[in-house]
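> See upload.cif below, with mmCIF, C-alpha atoms (C1' of nucleotides).
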```cif
data_target
loop_
_atom_site.group_PDB
_atom_site.id
_atom_site.type_symbol
_atom_site.label_atom_id
_atom_site.label_comp_id
_atom_site.auth_asym_id
_atom_site.auth_seq_id
_atom_site.Cartn_x
_atom_site.Cartn_y
_atom_site.Cartn_z
ATOM 1 C CA MET A 1193 -3.369 4.053 -1.931
ATOM 2 C CA PRO A 1194 0.264 4.539 -1.146
ATOM 3 C CA GLU A 1195 2.395 1.884 -2.815
ATOM 4 C CA LEU A 1196 6.197 1.775 -2.863
ATOM 5 C CA PRO A 1197 6.906 5.025 -4.784
ATOM 6 C CA GLU A 1198 4.428 7.015 -2.700
ATOM 7 C CA VAL A 1199 5.893 5.671 0.548
ATOM 8 C CA GLU A 1200 9.452 6.314 -0.667
ATOM 9 C CA ILE A 1201 8.604 9.942 -1.448
ATOM 10 C CA ILE A 1202 7.061 10.377 1.984
ATOM 11 C CA VAL A 1203 10.215 8.933 3.569
ATOM 12 C CA ARG A 1204 12.489 11.257 1.594
ATOM 13 C CA LYS A 1205 10.511 14.346 2.515
ATOM 14 C CA LEU A 1206 10.090 13.334 6.149
ATOM 15 C CA LYS A 1207 13.859 12.973 6.362
ATOM 16 C CA THR A 1208 14.341 16.608 5.447
ATOM 17 C CA PHE A 1209 11.858 17.688 8.111
ATOM 18 C CA LEU A 1210 12.361 15.222 10.918
ATOM 19 C CA ILE A 1211 15.964 14.032 11.270
ATOM 20 C CA GLY A 1212 17.244 15.275 14.616
ATOM 21 C CA LYS A 1213 13.824 16.479 15.796
ATOM 22 C CA VAL A 1214 12.755 15.312 19.237
ATOM 23 C CA PRO A 1215 9.151 14.110 19.592
ATOM 24 C CA ILE A 1216 7.808 15.250 22.956
ATOM 25 C CA ARG A 1217 4.125 14.351 22.828
ATOM 26 C CA ILE A 1218 1.604 12.296 20.872
ATOM 27 C CA ILE A 1219 -1.992 13.462 20.808
ATOM 28 C CA CYS A 1220 -4.171 10.444 20.070
ATOM 29 C CA ASN A 1221 -7.844 10.754 19.198
ATOM 30 C CA LYS A 1222 -8.295 7.192 17.980
ATOM 31 C CA ALA A 1223 -6.684 4.679 20.269
ATOM 32 C CA LYS A 1224 -6.704 1.768 17.864
ATOM 33 C CA LEU A 1225 -4.328 3.534 15.456
ATOM 34 C CA LEU A 1226 -1.635 3.799 18.116
ATOM 35 C CA LYS A 1227 -0.083 0.497 19.077
ATOM 36 C CA THR A 1228 2.421 0.583 21.898
ATOM 37 C CA SER A 1229 3.284 -2.287 24.174
ATOM 38 C CA GLN A 1230 5.240 -0.283 26.714
ATOM 39 C CA CYS A 1231 4.666 2.989 28.432
ATOM 40 C CA LEU A 1232 4.375 5.578 25.683
ATOM 41 C CA SER A 1233 6.425 8.229 27.478
ATOM 42 C CA MET A 1234 9.469 5.974 27.288
ATOM 43 C CA ALA A 1235 9.566 6.410 23.526
ATOM 44 C CA LEU A 1236 9.462 10.205 23.644
ATOM 45 C CA ASP A 1237 12.162 12.829 24.242
ATOM 46 C CA ARG A 1238 14.717 11.108 22.038
ATOM 47 C CA PRO A 1239 15.921 12.444 18.679
ATOM 48 C CA ILE A 1240 14.869 10.863 15.383
ATOM 49 C CA TYR A 1241 17.999 9.323 13.992
ATOM 50 C CA ASP A 1242 16.867 8.006 10.623
ATOM 51 C CA ILE A 1243 13.821 7.298 8.479
ATOM 52 C CA SER A 1244 13.501 4.419 6.041
ATOM 53 C CA ARG A 1245 10.954 2.002 4.616
ATOM 54 C CA LYS A 1246 10.538 -1.675 3.994
ATOM 55 C CA GLY A 1247 7.991 -2.295 1.273
ATOM 56 C CA LYS A 1248 5.157 0.065 2.170
ATOM 57 C CA LEU A 1249 6.057 0.273 5.864
ATOM 58 C CA ILE A 1250 7.665 3.502 7.113
ATOM 59 C CA ILE A 1251 10.264 3.075 9.847
ATOM 60 C CA LEU A 1252 11.404 5.938 12.066
ATOM 61 C CA SER A 1253 14.504 5.029 13.982
ATOM 62 C CA VAL A 1254 14.290 6.750 17.363
ATOM 63 C CA PRO A 1255 16.855 4.794 19.404
ATOM 64 C CA PRO A 1256 16.232 2.698 21.325
ATOM 65 C CA TYR A 1257 12.796 2.557 19.700
ATOM 66 C CA ALA A 1258 11.445 2.074 16.194
ATOM 67 C CA TRP A 1259 8.265 3.821 15.152
ATOM 68 C CA LEU A 1260 6.433 1.875 12.457
ATOM 69 C CA ILE A 1261 3.881 3.668 10.333
ATOM 70 C CA HIS A 1262 1.625 1.867 7.866
ATOM 71 C CA LEU A 1263 -0.689 4.028 5.783
ATOM 72 C CA LYS A 1264 -2.727 1.131 4.390
ATOM 73 C CA MET A 1265 -5.228 2.522 1.860
ATOM 74 C CA THR A 1266 -6.071 6.039 2.959
ATOM 75 C CA GLY A 1267 -3.457 7.077 5.503
ATOM 76 C CA GLN A 1268 -1.764 10.462 5.123
ATOM 77 C CA LEU A 1269 1.157 12.121 6.895
ATOM 78 C CA TRP A 1270 1.223 15.908 7.011
ATOM 79 C CA TRP A 1271 4.016 18.194 8.220
ATOM 80 C CA GLN A 1272 2.206 21.378 9.159
ATOM 81 C CA HIS A 1273 2.416 24.434 11.391
ATOM 82 C CA LYS A 1274 0.288 24.111 14.511
ATOM 83 C CA ASP A 1275 -2.028 26.887 13.304
ATOM 84 C CA THR A 1276 -2.790 25.162 9.995
ATOM 85 C CA PRO A 1277 -6.321 23.698 10.232
ATOM 86 C CA LEU A 1278 -6.257 19.965 10.873
ATOM 87 C CA PRO A 1279 -6.789 17.768 7.803
ATOM 88 C CA SER A 1280 -10.012 15.729 7.952
ATOM 89 C CA TYR A 1281 -9.691 12.515 9.935
ATOM 90 C CA THR A 1282 -6.555 13.530 11.783
ATOM 91 C CA HIS A 1283 -6.269 10.847 14.431
ATOM 92 C CA LEU A 1284 -2.720 11.373 15.670
ATOM 93 C CA THR A 1285 -0.644 14.507 16.117
ATOM 94 C CA ILE A 1286 3.013 14.385 17.091
ATOM 95 C CA LEU A 1287 4.578 17.446 18.697
ATOM 96 C CA PHE A 1288 8.309 18.211 18.614
ATOM 97 C CA LYS A 1289 10.757 20.162 20.725
ATOM 98 C CA ASP A 1290 11.722 23.645 19.513
ATOM 99 C CA THR A 1291 9.303 23.855 16.579
ATOM 100 C CA GLU A 1292 5.722 24.868 15.989
ATOM 101 C CA TYR A 1293 5.421 22.325 13.190
ATOM 102 C CA GLN A 1294 3.657 19.016 13.821
ATOM 103 C CA LEU A 1295 3.447 15.632 12.171
ATOM 104 C CA ARG A 1296 -0.196 14.735 11.613
ATOM 105 C CA PHE A 1297 -1.552 11.315 10.763
ATOM 106 C CA ALA A 1298 -4.928 11.356 8.991
ATOM 107 C CA ASP A 1299 -6.775 8.273 7.804
ATOM 108 C CA SER A 1300 -10.424 8.204 6.752
ATOM 109 C CA ARG A 1301 -10.715 4.431 6.748
ATOM 110 C CA GLN A 1302 -8.710 3.951 9.920
ATOM 111 C CA PHE A 1303 -6.795 0.927 8.659
ATOM 112 C CA GLY A 1304 -3.391 2.534 9.157
ATOM 113 C CA TYR A 1305 -1.389 2.588 12.371
ATOM 114 C CA LEU A 1306 1.599 3.855 14.316
ATOM 115 C CA GLN A 1307 3.313 1.097 16.238
ATOM 116 C CA ILE A 1308 6.197 1.756 18.612
ATOM 117 C CA VAL A 1309 8.501 -1.144 19.414
ATOM 118 C CA PRO A 1310 11.951 -1.448 20.963
ATOM 119 C CA GLU A 1311 14.435 -1.475 18.101
ATOM 120 C CA LYS A 1312 15.848 -4.709 19.504
ATOM 121 C CA VAL A 1313 12.674 -6.629 18.644
ATOM 122 C CA LEU A 1314 12.186 -5.029 15.230
ATOM 123 C CA SER A 1315 13.254 -8.205 13.490
ATOM 124 C CA GLN A 1316 10.599 -10.127 15.405
ATOM 125 C CA VAL A 1317 7.669 -8.018 14.210
ATOM 126 C CA PRO A 1318 5.620 -10.597 12.256
ATOM 127 C CA PHE A 1319 4.786 -8.290 9.381
ATOM 128 C CA LEU A 1320 8.463 -7.473 8.823
ATOM 129 C CA GLN A 1321 9.542 -11.047 9.313
ATOM 130 C CA LYS A 1322 7.286 -12.265 6.533
ATOM 131 C CA LEU A 1323 7.917 -9.391 4.132
ATOM 132 C CA GLY A 1324 9.424 -10.390 0.796
ATOM 133 C CA PRO A 1325 12.326 -8.656 -1.004
ATOM 134 C CA ASP A 1326 11.813 -5.051 -2.007
ATOM 135 C CA ALA A 1327 10.312 -4.530 -5.455
ATOM 136 C CA LEU A 1328 12.691 -1.698 -6.278
ATOM 137 C CA THR A 1329 15.830 -3.794 -5.884
ATOM 138 C CA ILE A 1330 14.814 -7.412 -6.488
ATOM 139 C CA THR A 1331 16.952 -9.203 -9.083
ATOM 140 C CA PRO A 1332 15.515 -11.397 -11.855
ATOM 141 C CA LEU A 1333 17.206 -14.428 -10.320
ATOM 142 C CA THR A 1334 15.712 -13.892 -6.852
ATOM 143 C CA PHE A 1335 12.329 -13.193 -8.382
ATOM 144 C CA GLU A 1336 12.507 -16.327 -10.495
ATOM 145 C CA LYS A 1337 13.265 -18.459 -7.446
ATOM 146 C CA ARG A 1338 10.288 -17.015 -5.609
ATOM 147 C CA LEU A 1339 7.909 -17.684 -8.497
ATOM 148 C CA GLN A 1340 9.052 -21.044 -9.774
ATOM 149 C CA ASN A 1341 7.134 -23.240 -7.338
ATOM 150 C CA ARG A 1342 4.053 -21.081 -7.108
ATOM 151 C CA HIS A 1343 0.773 -22.193 -8.608
ATOM 152 C CA ALA A 1344 -0.987 -18.917 -7.873
ATOM 153 C CA ILE A 1345 -1.631 -16.469 -10.695
ATOM 154 C CA ILE A 1346 0.961 -13.756 -11.193
ATOM 155 C CA LYS A 1347 -1.350 -10.845 -10.378
ATOM 156 C CA SER A 1348 -2.100 -12.251 -6.930
ATOM 157 C CA LEU A 1349 1.569 -12.828 -6.217
ATOM 158 C CA LEU A 1350 2.548 -9.310 -7.266
ATOM 159 C CA LEU A 1351 0.087 -8.053 -4.657
ATOM 160 C CA ASN A 1352 1.342 -10.512 -2.052
ATOM 161 C CA GLN A 1353 3.800 -8.590 0.153
ATOM 162 C CA GLN A 1354 5.355 -11.819 1.371
ATOM 163 C CA CYS A 1355 6.333 -12.697 -2.183
ATOM 164 C CA LEU A 1356 7.437 -9.204 -3.222
ATOM 165 C CA ALA A 1357 7.237 -6.070 -1.071
ATOM 166 C CA GLY A 1358 5.992 -2.748 -2.354
ATOM 167 C CA LEU A 1359 3.603 -3.258 -5.243
ATOM 168 C CA GLY A 1360 -0.127 -2.556 -4.994
ATOM 169 C CA ASN A 1361 -2.933 -2.794 -7.495
ATOM 170 C CA ILE A 1362 -1.904 0.136 -9.675
ATOM 171 C CA TYR A 1363 1.766 -0.662 -10.286
ATOM 172 C CA SER A 1364 1.083 -4.414 -10.590
ATOM 173 C CA ASP A 1365 -1.228 -3.810 -13.522
ATOM 174 C CA GLU A 1366 1.139 -1.286 -15.080
ATOM 175 C CA ALA A 1367 4.126 -3.644 -14.790
ATOM 176 C CA LEU A 1368 2.219 -6.599 -16.279
ATOM 177 C CA TRP A 1369 1.180 -4.437 -19.205
ATOM 178 C CA LEU A 1370 4.756 -3.258 -19.798
ATOM 179 C CA ALA A 1371 5.993 -6.854 -19.678
ATOM 180 C CA LYS A 1372 3.078 -8.088 -21.845
ATOM 181 C CA ILE A 1373 1.990 -10.739 -19.355
ATOM 182 C CA HIS A 1374 -1.652 -11.701 -18.775
ATOM 183 C CA PRO A 1375 -2.641 -11.195 -15.109
ATOM 184 C CA LEU A 1376 -4.117 -14.707 -14.832
ATOM 185 C CA THR A 1377 -0.904 -16.462 -15.894
ATOM 186 C CA PRO A 1378 0.131 -19.092 -13.316
ATOM 187 C CA ALA A 1379 3.440 -17.905 -11.860
ATOM 188 C CA ASN A 1380 5.265 -21.204 -12.367
ATOM 189 C CA THR A 1381 4.562 -21.137 -16.105
ATOM 190 C CA ILE A 1382 6.320 -17.828 -16.696
ATOM 191 C CA ASN A 1383 9.690 -18.468 -18.313
ATOM 192 C CA GLN A 1384 13.035 -16.940 -17.433
ATOM 193 C CA THR A 1385 12.947 -14.415 -20.249
ATOM 194 C CA GLN A 1386 9.515 -13.182 -19.226
ATOM 195 C CA ILE A 1387 10.516 -12.938 -15.568
ATOM 196 C CA LYS A 1388 13.463 -10.826 -16.579
ATOM 197 C CA LYS A 1389 11.157 -8.577 -18.588
ATOM 198 C CA LEU A 1390 8.734 -8.382 -15.689
ATOM 199 C CA THR A 1391 11.519 -7.437 -13.265
ATOM 200 C CA THR A 1392 12.686 -4.692 -15.611
ATOM 201 C CA ALA A 1393 9.091 -3.510 -16.033
ATOM 202 C CA ILE A 1394 8.567 -3.333 -12.268
ATOM 203 C CA HIS A 1395 11.752 -1.307 -11.803
ATOM 204 C CA LYS A 1396 10.867 0.978 -14.690
ATOM 205 C CA VAL A 1397 7.326 1.759 -13.554
ATOM 206 C CA LEU A 1398 8.368 2.324 -9.925
ATOM 207 C CA LYS A 1399 11.266 4.617 -10.850
ATOM 208 C CA CYS A 1400 9.160 6.634 -13.248
ATOM 209 C CA ALA A 1401 6.417 7.027 -10.635
ATOM 210 C CA LEU A 1402 9.052 8.096 -8.103
ATOM 211 C CA LYS A 1403 10.374 10.716 -10.482
ATOM 212 C CA LEU A 1404 6.871 12.121 -10.965
ATOM 213 C CA GLY A 1405 6.061 12.249 -7.262
ATOM 214 C CA GLY A 1406 3.807 9.189 -7.163
ATOM 215 C CA THR A 1407 0.176 8.661 -8.134
ATOM 216 C CA SER A 1408 -2.445 10.970 -6.609
ATOM 217 C CA ILE A 1409 -5.808 9.510 -7.553
ATOM 218 C CA LYS A 1410 -7.781 9.894 -4.371
ATOM 219 C CA SER A 1411 -6.105 10.735 -1.115
ATOM 220 C CA TYR A 1412 -2.359 10.577 -1.732
ATOM 221 C CA VAL A 1413 -0.393 13.693 -0.894
ATOM 222 C CA HIS A 1414 3.201 14.359 0.116
ATOM 223 C CA PRO A 1415 3.744 15.470 3.732
ATOM 224 C CA ASP A 1416 3.982 19.085 2.477
ATOM 225 C CA GLY A 1417 0.678 18.798 0.611
ATOM 226 C CA GLN A 1418 2.149 18.429 -2.880
ATOM 227 C CA LYS A 1419 0.464 15.938 -5.210
ATOM 228 C CA GLY A 1420 1.967 13.343 -7.522
ATOM 229 C CA LEU A 1421 1.618 13.356 -11.312
ATOM 230 C CA TYR A 1422 1.936 9.722 -12.275
ATOM 231 C CA GLN A 1423 -1.856 9.372 -12.591
ATOM 232 C CA ASN A 1424 -1.388 11.155 -15.936
ATOM 233 C CA ARG A 1425 0.992 8.455 -17.139
ATOM 234 C CA LEU A 1426 -0.981 5.301 -16.373
ATOM 235 C CA PHE A 1427 -1.366 2.894 -19.283
ATOM 236 C CA VAL A 1428 -4.025 0.465 -18.032
ATOM 237 C CA TYR A 1429 -5.066 1.106 -14.446
ATOM 238 C CA GLY A 1430 -8.630 2.436 -14.475
ATOM 239 C CA LYS A 1431 -8.651 2.531 -18.290
ATOM 240 C CA ALA A 1432 -11.305 -0.090 -19.075
ATOM 241 C CA GLY A 1433 -12.894 0.610 -22.466
ATOM 242 C CA LEU A 1434 -10.144 2.998 -23.554
ATOM 243 C CA PRO A 1435 -7.702 2.122 -26.348
ATOM 244 C CA CYS A 1436 -4.406 0.473 -25.467
ATOM 245 C CA GLN A 1437 -1.628 3.007 -26.043
ATOM 246 C CA ARG A 1438 0.478 0.330 -27.727
ATOM 247 C CA CYS A 1439 -1.970 -1.445 -30.044
ATOM 248 C CA GLY A 1440 -5.298 0.393 -29.891
ATOM 249 C CA SER A 1441 -7.375 -2.547 -28.632
ATOM 250 C CA LEU A 1442 -9.768 -1.764 -25.811
ATOM 251 C CA ILE A 1443 -8.463 -2.266 -22.275
ATOM 252 C CA LYS A 1444 -10.396 -4.882 -20.299
ATOM 253 C CA ARG A 1445 -11.220 -5.138 -16.635
ATOM 254 C CA LEU A 1446 -11.225 -8.425 -14.799
ATOM 255 C CA LYS A 1447 -12.093 -9.188 -11.189
ATOM 256 C CA ILE A 1448 -9.214 -11.117 -9.616
ATOM 257 C CA GLY A 1449 -9.438 -12.040 -5.964
ATOM 258 C CA GLY A 1450 -11.930 -9.263 -5.369
ATOM 259 C CA ARG A 1451 -9.668 -6.639 -6.951
ATOM 260 C CA SER A 1452 -9.995 -5.019 -10.350
ATOM 261 C CA SER A 1453 -7.312 -5.906 -12.859
ATOM 262 C CA TYR A 1454 -6.820 -3.924 -16.024
ATOM 263 C CA PHE A 1455 -4.987 -5.295 -19.036
ATOM 264 C CA CYS A 1456 -4.823 -5.275 -22.825
ATOM 265 C CA PRO A 1457 -6.276 -8.527 -24.208
ATOM 266 C CA VAL A 1458 -4.121 -8.265 -27.339
ATOM 267 C CA CYS A 1459 -0.757 -7.134 -25.924
ATOM 268 C CA GLN A 1460 -1.158 -9.459 -22.958
ATOM 269 C CA PRO A 1461 -2.609 -12.626 -24.469
ATOM 270 C CA ARG A 1462 -3.335 -15.531 -22.186
ATOM 271 C CA ILE A 1463 -0.847 -18.237 -23.001
ATOM 272 C CA ASN A 1464 -1.149 -20.657 -20.079
ATOM 273 C "C1'" DG B 1099 -31.587 5.411 -0.684
ATOM 274 C "C1'" DC B 1100 -29.076 1.333 -2.049
ATOM 275 C "C1'" DC B 1101 -25.449 -1.066 -3.934
ATOM 276 C "C1'" DA B 1102 -20.936 -1.693 -5.822
ATOM 277 C "C1'" DC B 1103 -16.733 -0.033 -5.739
ATOM 278 C "C1'" DT B 1104 -11.988 1.711 -3.618
ATOM 279 C "C1'" DG B 1105 -5.078 2.103 -3.570
ATOM 280 C "C1'" DT B 1106 -4.148 -2.939 2.143
ATOM 281 C "C1'" DT B 1107 -3.433 -6.570 5.137
ATOM 282 C "C1'" DA B 1108 -4.486 -10.120 8.751
ATOM 283 C "C1'" DG B 1109 -6.903 -13.947 9.943
ATOM 284 C "C1'" DC B 1110 -9.378 -17.709 9.047
ATOM 285 C "C1'" DA B 1111 -11.371 -21.576 6.178
ATOM 286 C "C1'" DT B 1112 -10.561 -24.779 2.690
ATOM 287 C "C1'" DC C 1197 1.917 -25.213 3.191
ATOM 288 C "C1'" DA C 1198 -0.655 -22.605 -0.430
ATOM 289 C "C1'" DT C 1199 -4.531 -20.252 -1.728
ATOM 290 C "C1'" DG C 1200 -8.974 -17.691 -1.424
ATOM 291 C "C1'" DC C 1201 -12.444 -15.118 1.045
ATOM 292 C "C1'" DT C 1202 -13.777 -11.755 4.330
ATOM 293 C "C1'" DA C 1203 -13.552 -8.181 7.649
ATOM 294 C "C1'" DA C 1204 -11.734 -3.831 9.490
ATOM 295 C "C1'" DC C 1205 -13.934 1.308 7.902
ATOM 296 C "C1'" DA C 1206 -15.631 5.333 5.382
ATOM 297 C "C1'" DG C 1207 -16.230 7.693 1.297
ATOM 298 C "C1'" DT C 1208 -17.699 8.090 -3.667
ATOM 299 C "C1'" DG C 1209 -20.360 7.371 -7.775
ATOM 300 C "C1'" DG C 1210 -24.080 5.101 -10.447
#
```
In structure tokens, what does this structure look like?

Amino acid sequence: MPELPEVEIIVRKLKTFLIGKVPIRIICNKAKLLKTSQCLSMALDRPIYDISRKGKLIILSVPPYAWLIHLKMTGQLWWQHKDTPLPSYTHLTILFKDTEYQLRFADSRQFGYLQIVPEKVLSQVPFLQKLGPDALTITPLTFEKRLQNRHAIIKSLLLNQQCLAGLGNIYSDEALWLAKIHPLTPANTINQTQIKKLTTAIHKVLKCALKLGGTSIKSYVHPDGQKGLYQNRLFVYGKAGLPCQRCGSLIKRLKIGGRSSYFCPVCQPRIN
DNA sequence: GCCACTGTTAGCAT
DNA sequence: CATGCTAACAGTGG
């Protein structure tokens, strides 16, 4: 569920809670969600220096280690007092020095993980190595270069984190609708003007979602429990059979690579 | 109950 | 290399 705006909001809020805090213990109830190559205790008892993200991956800088958190589809991070009842499917709990608050990692589908690696080898983590440029800051020119030799359809490439990092199913569909591009369009047939429009559309939809606290459809919450509001501003995602807010035609749903794609057949005509 | 669906990604086959 | 399919898992809704 969490795509770039949701992850960015989590990072911003975690910063206000966690910078300078010293993790002293990790309680792990589901071993496969905790990936550590070295002795775990080595990574504890050091202050959190910074928190950032690359695409949808959260990175806690805890020198000389980096803690990587991926929420995948249903992962949640909660910052809660120790006496607050545990959220369902809490698999990891991180305790800190001098506070009764805890960072809790819940994930019903158990696809997410916390991986601790020496900061030195961060650039060798395969997932990070392959990750494309960030969707929030990519320029039309960079985007054009990455699309020009690709035969795949644009919807698949927007979801491909190696092509562009940060978009998921919701914001891909929203951006294509804003840019009036059919999801099945082969990437290498999209002209410069359209790529520029698509880049602008991606930036616009991500920034607006950020401003509204992200999209809370199923499980997404901020670490303090607050929910996003962008689900009220979606134009096409999940809107099959409803009128297009631009032209009134009925929104269609298409299965692309096993994922639902929503689009307006009139605003987003198939050209190629 | 059963089946189809869900916001992600890695790994494998083609 | 590029692309497409499936699995990992658990919940929800028809």
> Run the PyMOL selection byres ((chain A) within 7 of (chain C)) against the file shown and list the residues it catches, as a list in words.
Ser1300, Arg1301, Gln1302 and Phe1303 of chain A
> Work out how far atom CA of Ser1364 of chain A is from atom CA of Ile1345 of chain A, in Å to one decimal.
12.4 Å
> Starting from chain A, keep only residues with some atom at most 10 Å from an atom of chain B, counting all atoms listed in the file, and report them as a list in words.
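Taking all atoms listed in the file into account, Met1193, Pro1194, Glu1195, Lys1248, His1262, Leu1263, Lys1264, Met1265, Thr1266, Phe1303, Gly1304, Phe1319, Leu1351, Asn1352, Gln1353, Gly1360, Asn1361, Ile1362, Tyr1363, Thr1407, Ser1408, Ile1409, Lys1410, Ser1411, Tyr1412, Arg1451 and Ser1452 of chain A sit within 10 Å of chain B.
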> Rank nothing, just name the residue among A:Tyr1454, A:Tyr1281, A:Phe1288, A:Tyr1241 nearest to Ser1253 of chain A, using all atoms listed in the file.
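Using all atoms listed in the file, the shortest distance to Ser1253 of chain A belongs to A:Tyr1241.
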> Go ahead and compute the interatomic distance for atom CA of Leu1402 of chain A and atom CA of Trp1259 of chain A, in Å to one decimal.
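Separation between atom CA of Leu1402 of chain A and atom CA of Trp1259 of chain A: 23.7 Å.
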> If you measure from atom CA of Arg1296 of chain A to atom CA of Pro1255 of chain A, what distance in Å do you get, rounded to one decimal?
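Between atom CA of Arg1296 of chain A and atom CA of Pro1255 of chain A the gap is 21.2 Å.
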> When the PyMOL selection byres ((chain A and resi 1386-1399) around 8) is applied to the structure above, which residues does it catch, written out as a PyMOL selection string?
chain A and resi 1196-1197+1327-1332+1335-1336+1363-1364+1366-1368+1370-1371+1373+1382-1385+1400-1403
> Any idea what's packed within 7 Å of Cys1456 of chain A, counting all atoms listed in the file, ignoring anything in its chain fewer than 2 positions away? Could you give it as a list of chain:residue names?
A:Cys1436, A:Ser1441, A:Leu1442, A:Ile1443, A:Lys1444, A:Val1458, A:Cys1459, A:Gln1460
> His1374 of chain A: which residues within 6 Å, counting only C-alpha atoms (C1' of nucleotides), same-chain residues fewer than 2 positions away excluded, as a list in words?
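Near His1374 of chain A, the qualifying residues are Leu1376, Thr1377, Gln1460, Pro1461 and Arg1462 of chain A.
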> List the residues selected by the PyMOL selection byres ((chain A and resi 1423) around 10) in the file shown, writing them as a ChimeraX atom specification.
/A:1362,1401,1404-1409,1420-1422,1424-1427,1429-1430
